[in-house]
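Structure data follow from run.tsv (TSV, C-alpha atoms):
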chain	number	residue	atom	x	y	z
A	6	MET	CA	80.98	107.10	31.29
A	7	ASN	CA	79.29	105.58	34.34
A	8	CYS	CA	80.80	104.63	37.72
A	9	LYS	CA	81.33	101.00	36.71
A	10	SER	CA	83.31	102.00	33.62
A	11	VAL	CA	85.39	104.43	35.67
A	12	ILE	CA	86.33	101.72	38.16
A	13	ARG	CA	87.19	99.35	35.32
A	14	GLU	CA	89.50	101.98	33.79
A	15	ILE	CA	91.08	103.32	36.98
A	16	SER	CA	94.39	101.54	36.40
A	17	ASN	CA	94.66	102.69	32.80
A	18	PHE	CA	93.74	106.23	33.87
A	19	ILE	CA	96.37	106.31	36.62
A	20	ASP	CA	98.98	104.82	34.30
A	21	GLY	CA	98.19	107.37	31.58
A	22	ALA	CA	97.20	104.55	29.25
A	23	LEU	CA	93.78	105.86	28.17
A	24	GLU	CA	93.02	107.31	24.77
A	25	PRO	CA	92.55	111.12	24.98
A	26	ALA	CA	88.79	110.89	24.41
A	27	GLU	CA	88.35	108.22	27.12
A	28	LYS	CA	90.51	110.23	29.49
A	29	GLN	CA	88.36	113.28	28.92
A	30	ASP	CA	85.17	111.28	29.53
A	31	LEU	CA	86.55	109.91	32.74
A	32	GLU	CA	87.70	113.32	33.96
A	33	ARG	CA	84.26	114.76	33.19
A	34	HIS	CA	82.69	112.01	35.28
A	35	LEU	CA	85.04	112.76	38.19
A	36	GLU	CA	83.97	116.41	38.15
A	37	HIS	CA	80.50	115.48	39.34
A	38	CYS	CA	80.97	112.09	41.04
A	39	GLY	CA	82.49	112.46	44.50
A	40	ASP	CA	82.58	108.70	45.16
A	41	CYS	CA	84.61	107.90	42.04
A	42	LYS	CA	86.94	110.79	42.79
A	43	ILE	CA	87.61	109.34	46.24
A	44	VAL	CA	88.40	105.94	44.73
A	45	VAL	CA	90.72	107.40	42.09
A	46	ASP	CA	92.57	109.59	44.61
A	47	GLN	CA	92.89	106.81	47.18
A	48	THR	CA	94.02	104.26	44.62
A	49	ARG	CA	96.70	106.66	43.47
A	50	LEU	CA	97.75	107.23	47.08
A	51	THR	CA	97.81	103.47	47.69
A	52	ILE	CA	100.37	103.07	44.90
A	53	ASP	CA	102.36	106.05	46.20
A	54	VAL	CA	102.66	104.84	49.78
A	55	PHE	CA	104.02	101.49	48.66
A	56	CYS	CA	106.37	103.01	46.12
A	57	ASP	CA	107.64	105.67	48.52
A	58	SER	CA	108.25	103.22	51.31
A	59	GLU	CA	111.99	102.74	51.82
A	60	PRO	CA	113.09	99.13	52.17
A	61	VAL	CA	113.95	98.27	55.75
A	62	GLU	CA	117.54	97.58	56.74
A	63	LEU	CA	118.64	94.08	55.85
A	64	PRO	CA	118.88	92.01	59.07
A	65	SER	CA	122.59	91.64	59.90
A	66	ASP	CA	122.48	87.83	60.01
A	67	VAL	CA	120.84	87.73	56.59
A	68	ARG	CA	123.42	90.13	55.23
A	69	SER	CA	126.31	88.13	56.71
A	70	ARG	CA	125.07	84.94	55.08
A	71	LEU	CA	124.58	86.66	51.72
A	72	HIS	CA	128.10	88.08	51.66
A	73	GLU	CA	129.64	84.88	52.92
A	74	ALA	CA	127.97	82.97	50.08
A	75	LEU	CA	129.09	85.60	47.61
A	76	ARG	CA	132.64	85.44	48.89
A	77	ARG	CA	132.68	81.66	48.40
A	78	LYS	CA	131.27	82.01	44.88
A	79	ILE	CA	133.84	84.62	43.87
A	80	THR	CA	136.72	82.65	45.32
A	81	GLU	CA	135.47	79.55	43.52
A	82	LYS	CA	135.21	81.42	40.23
A	83	THR	CA	138.62	83.07	40.44
A	84	ARG	CA	140.44	79.94	41.58
B	9	MET	CA	109.93	105.34	41.13
B	10	LEU	CA	113.13	103.53	41.61
B	11	CYS	CA	114.44	104.36	45.04
B	12	VAL	CA	118.15	104.41	44.26
B	13	THR	CA	120.13	106.90	46.28
B	14	LEU	CA	121.96	109.57	44.36
B	15	MET	CA	124.76	110.78	46.54
B	16	ASP	CA	126.36	113.64	44.73
B	17	GLY	CA	125.57	112.80	41.15
B	18	LYS	CA	129.26	112.55	40.25
B	19	ALA	CA	131.01	109.52	38.91
B	20	ARG	CA	133.73	108.12	41.11
B	21	ARG	CA	136.06	105.27	40.65
B	22	TRP	CA	135.70	102.49	43.14
B	23	PRO	CA	138.89	101.11	44.65
B	24	VAL	CA	140.23	98.07	42.88
B	25	ILE	CA	140.45	95.29	45.39
B	26	GLY	CA	140.86	91.60	44.99
B	27	PRO	CA	138.24	88.97	45.65
B	28	LEU	CA	139.67	88.10	49.04
B	29	GLN	CA	139.29	91.64	50.22
B	30	LEU	CA	135.56	91.58	49.89
B	31	LEU	CA	133.71	93.95	52.10
B	32	SER	CA	133.08	92.89	55.62
B	33	ALA	CA	129.53	91.79	56.22
B	34	THR	CA	129.29	94.20	59.11
B	35	ASN	CA	130.16	97.23	57.05
B	36	PRO	CA	127.83	97.68	54.14
B	37	HIS	CA	129.23	101.06	53.22
B	38	ARG	CA	132.93	100.34	53.06
B	39	LEU	CA	133.10	101.18	49.41
B	40	PRO	CA	132.37	104.79	48.52
B	41	SER	CA	128.77	104.70	47.42
B	42	GLY	CA	128.88	108.05	45.71
B	43	ILE	CA	128.58	106.19	42.46
B	44	ALA	CA	125.34	107.40	41.01
B	45	LYS	CA	122.79	105.10	39.46
B	46	GLU	CA	123.74	106.44	36.05
B	47	ASP	CA	127.04	104.70	36.61
B	48	GLU	CA	125.43	101.32	37.07
B	49	HIS	CA	126.61	100.29	33.61
B	50	LEU	CA	130.21	101.09	34.58
B	51	LEU	CA	129.93	98.82	37.59
B	52	VAL	CA	128.39	96.11	35.44
B	53	ALA	CA	131.15	96.45	32.83
B	54	ALA	CA	133.83	96.26	35.54
B	55	ALA	CA	132.14	93.26	37.17
B	56	LYS	CA	132.02	91.54	33.78
B	57	ARG	CA	135.77	92.06	33.52
B	58	GLY	CA	136.15	90.23	36.83
B	59	ASP	CA	136.23	93.15	39.26
B	60	ALA	CA	134.69	91.60	42.36
B	61	ALA	CA	134.50	94.94	44.16
B	62	ALA	CA	132.33	96.34	41.41
B	63	PHE	CA	129.89	93.45	41.73
B	64	GLU	CA	129.86	93.92	45.47
B	65	GLU	CA	128.95	97.53	45.02
B	66	LEU	CA	125.95	96.39	43.00
B	67	VAL	CA	125.01	93.96	45.77
B	68	ASN	CA	125.39	96.67	48.42
B	69	ARG	CA	123.24	98.96	46.40
B	70	TYR	CA	120.38	96.57	45.81
B	71	GLU	CA	120.38	93.98	48.61
B	72	ARG	CA	117.72	95.74	50.69
B	73	LYS	CA	115.45	96.23	47.72
B	74	ILE	CA	115.87	92.68	46.52
B	75	PHE	CA	115.14	91.36	50.01
B	76	ARG	CA	112.01	93.52	50.13
B	77	LEU	CA	110.99	92.09	46.76
B	78	THR	CA	111.50	88.46	47.76
B	79	MET	CA	109.77	89.08	51.12
B	80	ASN	CA	106.85	90.73	49.37
B	81	ILE	CA	106.43	87.78	47.03
B	82	THR	CA	107.04	84.88	49.38
B	83	ARG	CA	105.87	86.40	52.69
B	84	ASN	CA	108.21	83.94	54.34
B	85	ARG	CA	111.53	85.03	55.82
B	86	GLU	CA	113.45	81.83	55.10
B	87	ASP	CA	112.25	81.63	51.50
B	88	ALA	CA	112.90	85.33	50.99
B	89	GLU	CA	116.47	85.01	52.21
B	90	ASP	CA	117.17	81.95	50.04
B	91	ALA	CA	115.59	83.58	46.99
B	92	MET	CA	117.60	86.77	47.48
B	93	GLN	CA	120.86	84.90	47.95
B	94	ASP	CA	120.30	82.67	44.93
B	95	ALA	CA	119.33	85.68	42.83
B	96	PHE	CA	122.62	87.44	43.57
B	97	LEU	CA	124.66	84.28	43.08
B	98	LYS	CA	122.93	83.50	39.79
B	99	SER	CA	123.30	87.04	38.55
B	100	TYR	CA	127.02	86.83	39.34
B	101	ALA	CA	127.37	83.47	37.62
B	102	HIS	CA	125.46	84.63	34.53
B	103	LEU	CA	126.67	88.20	34.38
B	104	LYS	CA	128.33	87.60	31.03
B	105	ASP	CA	124.92	86.68	29.57
B	106	PHE	CA	123.41	90.01	30.62
B	107	GLN	CA	122.93	91.81	27.32
B	108	GLU	CA	122.43	95.27	28.86
B	109	ASP	CA	119.24	95.87	26.91
B	110	SER	CA	117.64	96.86	30.21
B	111	ARG	CA	118.99	98.19	33.48
B	112	PHE	CA	120.98	95.70	35.53
B	113	TYR	CA	118.52	96.24	38.36
B	114	THR	CA	115.58	95.25	36.15
B	115	TRP	CA	117.43	92.10	35.09
B	116	LEU	CA	118.18	91.34	38.75
B	117	VAL	CA	114.53	91.90	39.73
B	118	ARG	CA	113.43	89.37	37.14
B	119	ILE	CA	115.90	86.77	38.43
B	120	ALA	CA	114.89	87.43	42.04
B	121	ALA	CA	111.18	87.34	41.22
B	122	ASN	CA	111.59	83.95	39.56
B	123	GLU	CA	113.50	82.60	42.54
B	124	ALA	CA	110.80	83.90	44.90
B	125	LEU	CA	107.95	82.59	42.73
B	126	MET	CA	109.52	79.14	42.60
B	127	ARG	CA	109.55	79.02	46.38
B	128	LEU	CA	106.04	80.42	46.68
B	129	ARG	CA	104.72	77.75	44.28
B	130	LYS	CA	106.49	75.04	46.24
B	131	ARG	CA	105.11	76.23	49.56
B	132	ARG	CA	101.58	76.89	48.33
B	133	PRO	CA	101.04	74.52	45.41
B	134	ASN	CA	97.26	74.74	45.61
B	135	GLN	CA	96.90	78.36	46.55
B	136	PHE	CA	98.92	80.09	43.92
B	137	SER	CA	98.20	79.95	40.24
B	138	LEU	CA	98.56	82.70	37.70
B	139	ASP	CA	96.72	80.60	35.13
B	140	GLU	CA	93.34	80.83	36.79
B	141	PRO	CA	90.91	83.17	35.07
B	142	ILE	CA	89.56	86.11	37.03
B	143	GLU	CA	85.84	86.38	37.65
B	144	GLY	CA	83.74	89.23	36.23
B	145	ASP	CA	83.51	92.84	37.29
B	146	GLU	CA	80.94	92.33	40.03
B	147	ASP	CA	83.50	92.32	42.83
B	148	LEU	CA	85.25	95.45	41.59
B	149	MET	CA	82.89	98.12	42.88
B	150	PRO	CA	84.57	99.71	45.89
B	151	ARG	CA	82.92	99.73	49.25
B	152	GLU	CA	83.65	101.82	52.34
B	153	LEU	CA	84.33	105.18	50.78
B	154	GLU	CA	85.63	107.33	53.60
B	155	ASP	CA	87.79	110.41	53.71
B	156	TRP	CA	91.47	109.63	54.36
B	157	GLY	CA	92.27	113.20	55.28
B	158	PRO	CA	94.92	115.33	53.61
B	159	SER	CA	98.06	113.25	54.19
B	160	PRO	CA	97.84	109.81	55.77
B	161	GLU	CA	101.56	109.34	55.07
B	162	GLN	CA	102.36	112.05	57.61
B	163	ARG	CA	100.09	110.64	60.31
B	164	PHE	CA	102.19	107.54	60.81
B	165	ALA	CA	105.80	107.09	61.85
B	166	GLN	CA	107.95	105.24	59.33
B	167	THR	CA	108.04	102.00	61.31
B	168	GLU	CA	104.30	102.13	61.84
B	169	MET	CA	103.77	102.68	58.13
B	170	HIS	CA	106.00	99.69	57.37
B	171	GLU	CA	103.86	97.53	59.63
B	172	ILE	CA	100.67	98.72	57.99
B	173	LEU	CA	101.96	98.08	54.47
B	174	SER	CA	103.35	94.70	55.46
B	175	ASP	CA	100.04	93.73	57.02
B	176	VAL	CA	97.89	94.71	54.05
B	177	ILE	CA	100.14	93.18	51.42
B	178	ASP	CA	100.37	90.00	53.46
B	179	LYS	CA	96.60	89.64	53.23
B	180	LEU	CA	96.46	90.14	49.48
B	181	GLU	CA	96.08	86.93	47.44
B	182	PRO	CA	99.48	85.86	46.00
B	183	ASP	CA	98.45	86.05	42.33
B	184	PHE	CA	97.42	89.69	42.77
B	185	ARG	CA	100.30	90.47	45.10
B	186	VAL	CA	103.10	89.41	42.73
B	187	VAL	CA	101.71	91.56	39.93
B	188	PHE	CA	101.38	94.60	42.21
B	189	VAL	CA	104.90	94.11	43.57
B	190	LEU	CA	106.54	93.85	40.16
B	191	ARG	CA	104.48	96.52	38.47
B	192	ASP	CA	104.00	99.16	41.16
B	193	ILE	CA	106.78	98.66	43.68
B	194	GLU	CA	109.57	97.54	41.35
B	195	GLU	CA	108.19	99.55	38.46
B	196	LEU	CA	108.61	96.95	35.79
B	197	SER	CA	106.61	97.76	32.68
B	198	THR	CA	103.41	95.84	32.01
B	199	GLU	CA	105.24	93.90	29.30
B	200	GLU	CA	108.22	93.09	31.55
B	201	THR	CA	105.85	91.96	34.29
B	202	ALA	CA	103.97	89.73	31.85
B	203	LYS	CA	107.24	88.24	30.59
B	204	THR	CA	108.55	87.63	34.10
B	205	LEU	CA	105.36	85.91	35.20
B	206	GLY	CA	104.70	84.10	31.93
B	207	ILE	CA	101.20	85.55	31.56
B	208	SER	CA	99.57	87.84	29.00
B	209	VAL	CA	99.55	91.63	29.13
B	210	PRO	CA	95.73	91.72	29.63
B	211	ALA	CA	96.13	89.26	32.52
B	212	VAL	CA	98.69	91.58	34.14
B	213	LYS	CA	96.38	94.57	33.71
B	214	SER	CA	93.39	92.74	35.10
B	215	ARG	CA	95.27	91.49	38.17
B	216	LEU	CA	96.89	94.88	38.72
B	217	LEU	CA	93.52	96.64	38.74
B	218	ARG	CA	92.16	94.20	41.29
B	219	ALA	CA	95.32	94.33	43.39
B	220	ARG	CA	95.21	98.13	43.55
B	221	LEU	CA	91.51	98.22	44.46
B	222	LYS	CA	91.87	95.53	47.08
B	223	LEU	CA	94.85	97.27	48.68
B	224	ARG	CA	92.96	100.56	48.71
B	225	HIS	CA	90.12	98.82	50.49
B	226	LYS	CA	92.47	97.23	53.03
B	227	LEU	CA	94.28	100.52	53.68
B	228	ASN	CA	90.96	102.23	54.31
B	229	ARG	CA	90.88	100.58	57.73
B	230	TYR	CA	94.09	102.36	58.69
B	231	PHE	CA	93.84	105.61	56.79
B	232	ARG	CA	90.26	106.73	57.30
B	233	GLN	CA	90.25	110.08	58.95
B	234	GLY	CA	90.09	110.19	62.72
B	235	ASP	CA	91.17	106.57	62.96
B	236	THR	CA	94.83	105.78	63.55
B	237	ASN	CA	94.79	102.01	63.88
With the file now loaded, output its structure as structure tokens.
Amino acid sequence: MNCKSVIREISNFIDGALEPAEKQDLERHLEHCGDCKIVVDQTRLTIDVFCDSEPVELPSDVRSRLHEALRRKITEKTR
Amino acid sequence: MLCVTLMDGKARRWPVIGPLQLLSATNPHRLPSGIAKEDEHLLVAAAKRGDAAAFEELVNRYERKIFRLTMNITRNREDAEDAMQDAFLKSYAHLKDFQEDSRFYTWLVRIAANEALMRLRKRRPNQFSLDEPIEGDEDLMPRELEDWGPSPEQRFAQTEMHEILSDVIDKLEPDFRVVFVLRDIEELSTEETAKTLGISVPAVKSRLLRARLKLRHKLNRYFRQGDTN
């Protein structure tokens, strides 16, 4: 497997979607290619930082409007 | 990973209150939120029976995440707020149609994503199309390979990290961004993402690969070692 193939398969590799033989090929490539290893590690970290990021607090005005709308909807439905 | 808080892992009953006793908008945690995510189906079942408090608990639980989702897709505060609100109202109105063949949250994400996409298409009719084919592999090869150091996540305060992530995702093209948001942040499966967006599984995979590589490249500016801005 060359660098171009590794880059093309990075997503499948990270997602565990490669066939065992392809996975092995890719891992063998990473053992001797520092550049591809950096890309794989940093791509994985990129996903992690987004996934680990906690959603920020909902602004109070946004929250008030949401619950006000919900209250109207529920009242309307139960009337 | 789905970032739902597990409080104590034990099931609790939520107080039965009427629709006019809905939680105050200033107190998001009025109801005991010790109900673990495994109990989501109990809340859904109660809400389907007309228990408004149970539906509110679901709203309390997911409102921040749904707002993050609609913000990430639309990148416009007004559109994000409208999309979030309509998503919750529609999910309430159509709750009886929810077949429970997936998690309620996944169903809600799909509704919210559609609401957000509708607004994104309206605002950027010529800039956003998931139908356009993607060029060849030439642009895929990463540039700027620099060491990020052992733990970039620990080098930045939480608010600073939020700003960085917001900045880089804002600069990602919408057709790549929506796929990344649904697949990697909301953790929909490739098939669910394809279904939500009305595109093929290979199209999702292709856009996801590009989105991930582009975000890595954009984060490099912030994360490279010895550089904190």
(request) Record the distance separating CA of Arg215 in chain B and CA of Arg118 in chain B, expressed in Å with one decimal. (result) 18.3 Å
Each chain B residue no farther than 6 Å from chain A, nearest pair in Å, only C-alpha atoms, as a Markdown table:
| residue | atom | partner | partner_atom | distance |
| --- | --- | --- | --- | --- |
| B:Ala33 | CA | A:Ser69 | CA | 4.9 |
| B:Arg72 | CA | A:Leu63 | CA | 5.5 |
| B:Lys73 | CA | A:Pro60 | CA | 5.8 |
| B:Gln93 | CA | A:Leu71 | CA | 5.6 |
| B:Ile193 | CA | A:Cys56 | CA | 5.0 |
| B:Leu217 | CA | A:Ser16 | CA | 5.5 |
| B:Arg224 | CA | A:Thr48 | CA | 5.6 |
(message) To one decimal place in Å, what is the distance between CA of Ala53 in chain B and CA of Leu116 in chain B?
(response) 15.1 Å
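One finds CA of Ile19 in chain A at 24.2 Å from CA of Arg111 in chain B.
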(request) Determine, counting all atoms listed in the file, which protein, DNA and RNA residues have an atom within 8 Å of an atom of Ile81 in chain B; residues of the same chain fewer than 6 positions away are not included. Present the result as a list in words. (result) Ala88, Ala121, Ala124, Leu125, Leu128, Pro182, Arg185, Val186 and Val189 of chain B
Go ahead and save the residues from that selection, with C-alpha atoms, as a PDB file, in the coordinates of the input.
ATOM      1  CA  ALA B  88     112.900  85.330  50.990  1.00  0.00           C
ATOM      2  CA  ALA B 121     111.180  87.340  41.220  1.00  0.00           C
ATOM      3  CA  ALA B 124     110.800  83.900  44.900  1.00  0.00           C
ATOM      4  CA  LEU B 125     107.950  82.590  42.730  1.00  0.00           C
ATOM      5  CA  LEU B 128     106.040  80.420  46.680  1.00  0.00           C
ATOM      6  CA  PRO B 182      99.480  85.860  46.000  1.00  0.00           C
ATOM      7  CA  ARG B 185     100.300  90.470  45.100  1.00  0.00           C
ATOM      8  CA  VAL B 186     103.100  89.410  42.730  1.00  0.00           C
ATOM      9  CA  VAL B 189     104.900  94.110  43.570  1.00  0.00           C
TER      10      VAL B 189
END
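Here the residues that fall within 10 Å of (131.2, 85.2, 34.0), using all atoms listed in the file, are given as Lys82 of chain A; Ala55, Lys56, Arg57, Gly58, Ser99, Tyr100, Ala101, His102, Leu103, Lys104, Asp105 and Phe106 of chain B.
Proximity ranking of B:Ser159, B:Asn122, B:Asn228, B:Thr82 relative to Thr204 in chain B places B:Asn122 first, based on all atoms listed in the file.
Ranking B:Arg220, B:Ala60, B:Val67, B:Thr198 by their shortest atom-to-atom distance to Ala22 in chain A, with only C-alpha atoms included, puts B:Thr198 first.
Closest approach to Ala95 in chain B among B:Thr201, B:Gln107, B:Tyr70, B:Arg83: B:Tyr70, based on all atoms listed in the file.
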